[in-house]
Structure formats: C-alpha cells, structure tokens
Amino acid sequence: MSSTTNDRANDDVETRMRRVFQEVLGREDVALADSTTAADVPGWDSLAHINIMFSLEAEFGVQFSDEQLTSFQDVGQLRRFLVSEAG
C-alpha cells in the first residue's frame, strides 16, 4: 500500500471513529488524538466505552475479542487496529 493510500485509509478511519465517538457520547466537540484516553474525554465512562466499542464493530465490520474490548491503551492503538483490520 502506498503512503498516499495509507494516509487516506488513516484519514477515513479517523473521520469514522470521530463520528462514532460523537454519536455515542452525544457531543459534537469530541477531539481525538492518538494519545487520547478515556480519562481525557468527558462522558467516556465504562458504559460509554462498551457502547463505543460495539458501535465501532458495526461501523467497521470488525469484531473485538473480549480481551480487546479493554486492552487498547489509547485512541492511536485502537485506530491502528481498525486501519489494519478494515483497511
């Protein structure tokens, strides 16, 4: 995959992820960076986390293992997984 194609895949995943987070959290002002964690985003509690993960599964056509539901350290790690699986 060329770097341009990879950049487009990353941008697409980032856009779709942001939309999922905004919808689940009911906030238009959600800003996601690779270093973002649940502690950085108001309203991202344990229930919201499960809803986010299930919504990401539906959006990207992936299925997280039970371990993956809680193992991603930050948004960047989650984005890289989605790029590799859905890209």
# chains A, B, ... in the order shown; residues from 1 in each chain; ligands from 1
$ residues_around --residues "range 18-31 of chain A" --least-positions-apart "6" --cutoff "8 Å" --atoms "only C-alpha atoms" --output "PyMOL selection string"
chain A and resi 41+43-44+48+51-52+55-56+59
$ residues_around --residues "Phe60 in chain A" --least-positions-apart "3" --cutoff "10 Å" --atoms "only C-alpha atoms" --output "PyMOL selection string"
chain A and resi 13+16-17+55-57+63+82-83+85-87
$ write_last_selection --atoms "C-alpha atoms" --output "PDB file, in the first residue's frame"
ATOM      1  CA  VAL A  13     -10.731   5.660   9.856  1.00  0.00           C
ATOM      2  CA  ARG A  16     -15.417   7.470  11.035  1.00  0.00           C
ATOM      3  CA  MET A  17     -14.071   6.942  14.567  1.00  0.00           C
ATOM      4  CA  SER A  55     -20.570   0.895  17.572  1.00  0.00           C
ATOM      5  CA  LEU A  56     -17.051   0.679  16.129  1.00  0.00           C
ATOM      6  CA  GLU A  57     -17.615  -3.020  15.418  1.00  0.00           C
ATOM      7  CA  GLN A  63     -15.324  -7.968  15.966  1.00  0.00           C
ATOM      8  CA  LEU A  82      -9.012  -0.554  12.770  1.00  0.00           C
ATOM      9  CA  VAL A  83      -6.783   0.535   9.865  1.00  0.00           C
ATOM     10  CA  GLU A  85      -8.481  -4.791  10.009  1.00  0.00           C
ATOM     11  CA  ALA A  86     -10.764  -2.614   7.913  1.00  0.00           C
ATOM     12  CA  GLY A  87      -8.184  -1.019   5.631  1.00  0.00           C
TER      13      GLY A  87
END
$ select_by_dssp --residues "range 19-66 of chain A" --states "helix (DSSP H, G or I)" --output "list in words"
Arg19, Val20, Phe21, Gln22, Glu23, Val24, Leu25, Ala38, Ala39, Asp40, Ser46, Leu47, Ala48, His49, Ile50, Asn51, Ile52, Met53, Phe54, Ser55, Leu56, Glu57, Ala58, Glu59 and Phe60 of chain A
$ closest_residue --among "A:Thr15, A:Asp34, A:Ser46, A:Ala39" --to "Leu78 in chain A" --atoms "only C-alpha atoms"
A:Asp34
$ atom_distance --atom1 "CA of Ala38 in chain A" --atom2 "CA of Asp74 in chain A"
7.8 Å
$ closest_residue --among "A:Asp45, A:Gln77, A:Ser65, A:Asp7" --to "Ala33 in chain A" --atoms "only C-alpha atoms"
A:Gln77
$ closest_residue --among "A:Leu69, A:Val62, A:Leu47, A:Met53" --to "Ser84 in chain A" --atoms "only C-alpha atoms"
A:Val62
$ atom_distance --atom1 "CA of Glu14 in chain A" --atom2 "CA of Ile50 in chain A"
18.8 Å
$ atom_distance --atom1 "CA of Asp40 in chain A" --atom2 "CA of Arg79 in chain A"
16.4 Å
$ closest_residue --among "A:His49, A:Pro42, A:Arg8, A:Thr37" --to "Thr70 in chain A" --atoms "only C-alpha atoms"
A:His49
